[in-house]
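A short write-up of the structure that comes next.
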Amino acid sequence: MGRMPNKRNAESLSIIIMKLNRQEINELKKLLSDKKYRINDVLDNLFKKMNISHEVDMFIDGAADLNSKTAGIGGVIIKNGKEIFSFSEYLHDATNNEAEYTALIEGLKYVIKLNILCINVYSDSELIVKQINGEYKVKNPRMKALYQKAMNLLDELEHWTIKHVLREKNGVADHLAKSGRKKGEK
């Protein structure tokens, strides 16, 4: 049987597993951008880690047609300006938001399989981006389950960002998602 951690170890554990939401990270970045607040090597290294330029981008999208009960997901992973992987899959009977979350989840699974640990994710779903970044609450029970799956996968990465982009900037992923949806049309 395992031992209960002593108070000192329990405090260390809580520090190790503490998560910051995107707003907290941004505020910490702002604070540490002023060198006077980087009072030791730990804070200096933290600031450097928070400002690493990541060269791998993933654009994701979901598409749904409630009349035909078809949906699709798509995404493209780009490293150093070159496409290294793309996906386009059919989903049956999903809402657009479910398709958007599923695109994120499946994209993250591919990223992890490719051993990519740092990623910039771009989505044209403002709702998904703001929920993942902690700016909006997730209220719908079906969305909560998808949100939790996405967060669990993001936890496996060393560093990630997710940002909203306009639909025009997400053309490849949009095309892939629509192609995935059309695979289900009869």
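We label chains A, B, ... in the order they appear in the structure tokens, count residues from 1 in each chain, and number ligands from 1 in the order shown.
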
Contacts of stretch 93-153 of chain A with stretch 69-78 of chain A up to 9 Å, shortest pair per row, only C-alpha atoms, as a Markdown table:
| residue | atom | partner | partner_atom | distance |
| --- | --- | --- | --- | --- |
| A:Asp93 | CA | A:Lys69 | CA | 4.4 |
| A:Ala94 | CA | A:Ala71 | CA | 5.9 |
| A:Thr95 | CA | A:Ala71 | CA | 7.4 |
| A:Asn96 | CA | A:Ala71 | CA | 7.4 |
| A:Ala99 | CA | A:Ile73 | CA | 6.0 |
| A:Glu100 | CA | A:Ile73 | CA | 7.1 |
| A:Thr102 | CA | A:Ile73 | CA | 7.0 |
| A:Ala103 | CA | A:Ile73 | CA | 5.0 |
| A:Leu104 | CA | A:Gly75 | CA | 8.3 |
| A:Glu106 | CA | A:Ile73 | CA | 8.6 |
| A:Gly107 | CA | A:Gly75 | CA | 6.5 |
| A:Val111 | CA | A:Ile77 | CA | 8.0 |

Residues from the last selection, C-alpha atoms, saved as an mmCIF file, in the first residue's frame:
data_model
loop_
_atom_site.group_PDB
_atom_site.id
_atom_site.type_symbol
_atom_site.label_atom_id
_atom_site.label_comp_id
_atom_site.auth_asym_id
_atom_site.auth_seq_id
_atom_site.Cartn_x
_atom_site.Cartn_y
_atom_site.Cartn_z
ATOM 1 C CA ASP A 93 -24.872 13.396 -36.843
ATOM 2 C CA ALA A 94 -22.766 15.998 -35.034
ATOM 3 C CA THR A 95 -23.375 19.685 -34.473
ATOM 4 C CA ASN A 96 -20.907 22.210 -35.842
ATOM 5 C CA ALA A 99 -17.289 18.840 -35.195
ATOM 6 C CA GLU A 100 -14.999 21.735 -34.224
ATOM 7 C CA THR A 102 -13.591 16.674 -32.690
ATOM 8 C CA ALA A 103 -11.263 18.308 -35.229
ATOM 9 C CA LEU A 104 -9.171 19.637 -32.349
ATOM 10 C CA GLU A 106 -8.232 14.253 -33.666
ATOM 11 C CA GLY A 107 -5.628 16.823 -34.675
ATOM 12 C CA VAL A 111 0.318 15.683 -33.296
#

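Omitting A:Glu83 and its sequence neighbours fewer than 6 positions away, and counting only C-alpha atoms, the residues within 12 Å are Glu55, Val56, Asp57, Met58, Phe59, Gly75, Val76, Ile77, Val172 and Ala173 of chain A.
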
How many Å separate atom CA of A:Cys118 from atom CA of A:Thr161? 8.6 Å

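Among the candidates A:Leu153, A:Ala64, A:Ile132, A:Leu176, the one nearest to A:Tyr110 when counting only C-alpha atoms is A:Leu153.
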
Could you tell me how far atom CA of A:Leu20 lies from atom CA of A:Met50, in Å and to one decimal? 12.2 Å

Going by DSSP on the backbone, which bits of stretch 56-138 of chain A are strand (DSSP E or B)? Write them as a PyMOL selection string, please. chain A and resi 56-65+70-79+82-92+118-123
